[in-house]
Amino acid sequence: MLGVAVFTAITAVLILFSGGPRTGEMVVVLPSADGHVGSVVVRRGVGRVVLDRAYMASRISSSGIQSSETLTERSVLQEFRATLAALPKRPITFVLYFISATDELTDEAKLELDKVIAELRERAAADIVLVGHTDRVGSDEANDVLSLMRCERVKADLERQGVAAERIRSVGRGERELVVETADEVEEPRNRRVEVFVR
Amino acid sequence: MRVILCTAALMFALAAQAADIGQIKSAAGTVHIERDGKLIAAPVGSAVRQSDKLVTGADGTIGVTFLDNSLVSAGPNSVLVLERYSYDPTTAAGRFDALLKKGTIAVVSGKMVKQTPESMRIRTPSTVMGVRGTEFVVRVDDSGS
């Protein structure tokens with residue numbers, strides 16, 4: 001009789017701690033924005049579970065890691081809605097191209113700059129790094145200056161749109177980092193650019 | 001391209017103060033940071049540091065972008081300790097250890113994990129999770145303990 005009571009009590013405790021839908025610890029792997037699913041290795045003592053499929057989940061209780069299960073997208077998004085909504089926006093990169101030997105944006109780049117500005121409006125406290133480049137026309141020294149002038153031009157445009165100056169950093173790389181390798185004094189539109197790293 | 005990305009990463013690192021490891025990009029409701037035993041406000045745009053404890057109330061959420069582009073957010077009623085963070089923008093090598101004492105987090109791993117799988121580890125009271133390049137959510141319900 002006592003045995004039955006103890007067994008019942010143990011069972012009750014096990015049920016209590018086995019982890020219902022909203023108790024205990026749980027980890028769920030999500031698909032990333034590009035659809036790629038990486039993996040998380042969950043360890044507890046000698047126990048080990050690898051989660052490597054979308055919405056694959058593992059619950060952990062005082063008795064150990066439970067075998068994994070696959071949850072529905074809906075249930076995960078519902079339970080973690082507020083948490084997921086607080087995730088910062090993904091860092092993003094833009095490239096703006098320039099007219100030869102000037103700090104003037106090409107017509108396409110002006111449209112691209114509008115996209116940068118639209119993106120910045122979507123972000124709270126965005127950090128911006130501008131990395132300027134030139135092609136190989138002109139001296140190394142002149143190109144160092146020109147690459148920085150291109151950054152300053154973009155920075156001025158962003159500031160005019162209300163972006164705080166202290167959130168923008170500029171670096172001129174001159175003709176050191178070519179996208180397209182060329183001989184010296186060769187014009188190459190793809191090398192005349194400012195990369196805009198936003199996060 | 002790698003050289004170029006390194007330049008930008010380095011600039012982001014320089015933009016931050018020496019001890020800053022990330023920046024708060026979202027904050028709503030009751031949120032604060034516990035640093036050196038003191039409670040400080042956690043407004044959007046402010047920095048987080050190694051050993052900071054991020055604490056949210058019943059209506060609070062917070063989101064942080066770290067130097068290596070790792071993204072971490074915490075939901076309501078959460079306590080997340082940023083135990084250890086180091087990142088070298090030149091090599092993309094680093095280490096990120098965080099402890100979720102209670103509540104929920106969402107994580108998008110960054111460049112250090114891409115460079116070295118499991119360089120990011122999330123602990124909970126009962127487990128350790130090694131991150132191999134992915135997005136995931138974690139919940140720790142402390143109501144039973």
# chains A, B, ... in the order shown; residues from 1 in each chain; ligands from 1
>>> residues_around(residues="Arg84 (chain B)", least_positions_apart="3", cutoff="7 Å", atoms="only C-alpha atoms", output="ChimeraX atom specification")
/B:50-51,96-98
>>> write_last_selection(atoms="N, CA and C atoms", output="compact mmCIF listing (two decimals), in the first residue's frame")
# COMPACT_ATOMS: atom_id res chain seq x y z
N GLN B 50 30.64 43.63 -21.43
CA GLN B 50 30.81 42.31 -20.84
C GLN B 50 30.42 42.38 -19.36
N SER B 51 29.77 41.33 -18.88
CA SER B 51 29.28 41.18 -17.50
C SER B 51 27.98 41.92 -17.23
N PHE B 96 31.66 34.18 -27.13
CA PHE B 96 30.45 34.81 -26.60
C PHE B 96 29.77 33.80 -25.69
N ASP B 97 29.79 34.08 -24.38
CA ASP B 97 29.09 33.23 -23.42
C ASP B 97 28.00 34.05 -22.74
N ALA B 98 26.79 33.57 -22.78
CA ALA B 98 25.71 34.26 -22.10
C ALA B 98 24.91 33.26 -21.27
>>> interface_residues(of="chain B", to="chain A", cutoff="8 Å", atoms="only C-alpha atoms", output="PDB file with C-alpha atoms, in the first residue's frame")
ATOM      1  CA  MET B   1      35.903  41.264 -50.435  1.00  0.00           C
ATOM      2  CA  VAL B   3      39.579  42.683 -46.694  1.00  0.00           C
ATOM      3  CA  ILE B   4      36.782  45.152 -47.344  1.00  0.00           C
ATOM      4  CA  THR B   7      37.647  47.288 -42.739  1.00  0.00           C
ATOM      5  CA  ALA B   8      33.998  47.891 -41.981  1.00  0.00           C
ATOM      6  CA  MET B  11      35.375  50.681 -38.074  1.00  0.00           C
ATOM      7  CA  PHE B  12      32.336  49.418 -36.170  1.00  0.00           C
ATOM      8  CA  ALA B  15      33.123  53.397 -33.289  1.00  0.00           C
ATOM      9  CA  LYS B  25      18.697  48.651 -30.953  1.00  0.00           C
ATOM     10  CA  SER B  26      15.294  48.051 -29.419  1.00  0.00           C
ATOM     11  CA  ALA B  27      13.917  48.614 -25.934  1.00  0.00           C
ATOM     12  CA  VAL B  44      17.939  52.568 -27.550  1.00  0.00           C
ATOM     13  CA  GLY B  45      21.376  53.614 -28.819  1.00  0.00           C
ATOM     14  CA  THR B  61      11.719  43.625 -24.274  1.00  0.00           C
ATOM     15  CA  ILE B  62      15.238  44.483 -25.438  1.00  0.00           C
ATOM     16  CA  GLY B  63      17.300  43.830 -28.581  1.00  0.00           C
ATOM     17  CA  VAL B  64      21.075  44.131 -28.964  1.00  0.00           C
ATOM     18  CA  THR B  65      23.385  44.056 -32.013  1.00  0.00           C
ATOM     19  CA  ASN B  69      26.740  41.176 -35.951  1.00  0.00           C
ATOM     20  CA  LEU B  71      21.733  39.675 -32.681  1.00  0.00           C
ATOM     21  CA  VAL B  72      20.123  38.826 -29.345  1.00  0.00           C
ATOM     22  CA  SER B  73      16.750  39.867 -27.959  1.00  0.00           C
ATOM     23  CA  ALA B  74      15.099  39.136 -24.632  1.00  0.00           C
ATOM     24  CA  GLY B  75      11.370  38.930 -24.035  1.00  0.00           C
ATOM     25  CA  PRO B  76       9.352  39.912 -20.938  1.00  0.00           C
ATOM     26  CA  THR B 104      13.073  34.047 -23.222  1.00  0.00           C
ATOM     27  CA  ILE B 105      15.676  35.036 -25.802  1.00  0.00           C
ATOM     28  CA  ALA B 106      15.936  34.954 -29.580  1.00  0.00           C
ATOM     29  CA  VAL B 107      19.391  34.668 -31.137  1.00  0.00           C
ATOM     30  CA  THR B 124      20.616  28.046 -18.925  1.00  0.00           C
ATOM     31  CA  SER B 126      20.494  23.234 -16.520  1.00  0.00           C
ATOM     32  CA  THR B 127      22.163  23.121 -19.971  1.00  0.00           C
ATOM     33  CA  VAL B 128      24.788  24.538 -22.287  1.00  0.00           C
ATOM     34  CA  MET B 129      23.962  25.212 -25.936  1.00  0.00           C
ATOM     35  CA  GLY B 130      26.710  25.412 -28.536  1.00  0.00           C
ATOM     36  CA  VAL B 131      25.726  27.511 -31.536  1.00  0.00           C
ATOM     37  CA  ARG B 132      26.707  26.371 -35.030  1.00  0.00           C
ATOM     38  CA  GLY B 133      25.388  29.204 -37.140  1.00  0.00           C
ATOM     39  CA  THR B 134      21.672  29.586 -36.847  1.00  0.00           C
ATOM     40  CA  GLU B 135      18.658  31.348 -35.445  1.00  0.00           C
ATOM     41  CA  PHE B 136      16.941  29.964 -32.401  1.00  0.00           C
ATOM     42  CA  VAL B 137      14.840  30.772 -29.371  1.00  0.00           C
ATOM     43  CA  VAL B 138      15.268  29.657 -25.768  1.00  0.00           C
ATOM     44  CA  ARG B 139      12.881  29.675 -22.849  1.00  0.00           C
ATOM     45  CA  VAL B 140      13.663  29.229 -19.172  1.00  0.00           C
ATOM     46  CA  ASP B 141      10.640  29.085 -16.925  1.00  0.00           C
ATOM     47  CA  ASP B 142      11.746  29.435 -13.320  1.00  0.00           C
ATOM     48  CA  SER B 143       8.266  29.076 -11.822  1.00  0.00           C
ATOM     49  CA  GLY B 144       8.970  25.448 -10.890  1.00  0.00           C
TER      50      GLY B 144
END
>>> select_by_dssp(residues="chain B", states="strand (DSSP E or B)", output="PyMOL selection string")
chain B and resi 20-28+31-35+38-41+47-49+53-56+61-66+71-74+79-88+93-108+120-123+128-132+135-140
>>> closest_residue(among="A:Leu105, A:Val137, A:Leu148, A:Leu158", to="Ala118 (chain A)", atoms="only C-alpha atoms")
A:Leu158
>>> atom_distance(atom1="CA of Ala142 (chain A)", atom2="CA of Lys115 (chain A)")
29.7 Å
>>> atom_distance(atom1="CA of Ser86 (chain B)", atom2="CA of Asp36 (chain B)")
18.8 Å
>>> select_by_dssp(residues="region 1-142 of chain B", states="helix (DSSP H, G or I)", output="list in words")
Arg2, Val3, Ile4, Leu5, Cys6, Thr7, Ala8, Ala9, Leu10, Met11, Phe12, Ala13, Leu14, Ala15, Lys111, Met112, Val113, Lys114, Gln115 and Asp142 of chain B
>>> write_last_selection(atoms="N, CA and C atoms", output="compact mmCIF listing (two decimals), in the first residue's frame")
# COMPACT_ATOMS: atom_id res chain seq x y z
N ARG B 2 36.92 40.06 -48.58
CA ARG B 2 37.12 39.82 -47.16
C ARG B 2 37.83 41.00 -46.50
N VAL B 3 38.83 41.54 -47.22
CA VAL B 3 39.58 42.68 -46.69
C VAL B 3 38.62 43.84 -46.45
N ILE B 4 37.72 44.03 -47.41
CA ILE B 4 36.78 45.15 -47.34
C ILE B 4 35.86 44.99 -46.14
N LEU B 5 35.33 43.79 -45.98
CA LEU B 5 34.42 43.55 -44.86
C LEU B 5 35.15 43.76 -43.53
N CYS B 6 36.44 43.37 -43.50
CA CYS B 6 37.22 43.55 -42.29
C CYS B 6 37.33 45.03 -41.95
N THR B 7 37.52 45.85 -42.96
CA THR B 7 37.65 47.29 -42.74
C THR B 7 36.40 47.82 -42.05
N ALA B 8 35.25 47.41 -42.57
CA ALA B 8 34.00 47.89 -41.98
C ALA B 8 33.85 47.38 -40.56
N ALA B 9 34.19 46.11 -40.35
CA ALA B 9 34.08 45.53 -39.01
C ALA B 9 34.98 46.28 -38.04
N LEU B 10 36.17 46.61 -38.52
CA LEU B 10 37.12 47.33 -37.69
C LEU B 10 36.57 48.71 -37.34
N MET B 11 35.93 49.35 -38.32
CA MET B 11 35.38 50.68 -38.07
C MET B 11 34.24 50.62 -37.06
N PHE B 12 33.41 49.57 -37.16
CA PHE B 12 32.34 49.42 -36.17
C PHE B 12 32.95 49.25 -34.79
N ALA B 13 34.04 48.47 -34.74
CA ALA B 13 34.70 48.23 -33.46
C ALA B 13 35.27 49.54 -32.90
N LEU B 14 35.89 50.34 -33.78
CA LEU B 14 36.47 51.61 -33.34
C LEU B 14 35.39 52.59 -32.92
N ALA B 15 34.22 52.48 -33.59
CA ALA B 15 33.12 53.40 -33.29
C ALA B 15 32.64 53.19 -31.85
N LYS B 111 29.29 36.74 -37.01
CA LYS B 111 30.49 36.36 -37.76
C LYS B 111 31.40 35.41 -37.00
N MET B 112 31.45 35.53 -35.67
CA MET B 112 32.39 34.66 -34.95
C MET B 112 31.99 33.20 -35.06
N VAL B 113 30.68 32.94 -35.08
CA VAL B 113 30.21 31.56 -35.20
C VAL B 113 30.44 31.03 -36.62
N LYS B 114 30.31 31.95 -37.59
CA LYS B 114 30.58 31.56 -38.97
C LYS B 114 32.05 31.13 -39.09
N GLN B 115 32.91 31.88 -38.41
CA GLN B 115 34.35 31.60 -38.42
C GLN B 115 34.67 30.36 -37.59
N ASP B 142 11.23 29.71 -14.67
CA ASP B 142 11.75 29.43 -13.32
C ASP B 142 10.63 29.26 -12.29
>>> atom_distance(atom1="CA of Gly29 (chain B)", atom2="CA of Leu80 (chain B)")
16.3 Å
>>> residues_around(residues="Ala41 (chain B)", least_positions_apart="2", cutoff="8 Å", atoms="only C-alpha atoms", output="list of chain:residue names")
B:Val31, B:His32, B:Ile33, B:Leu39, B:Pro43
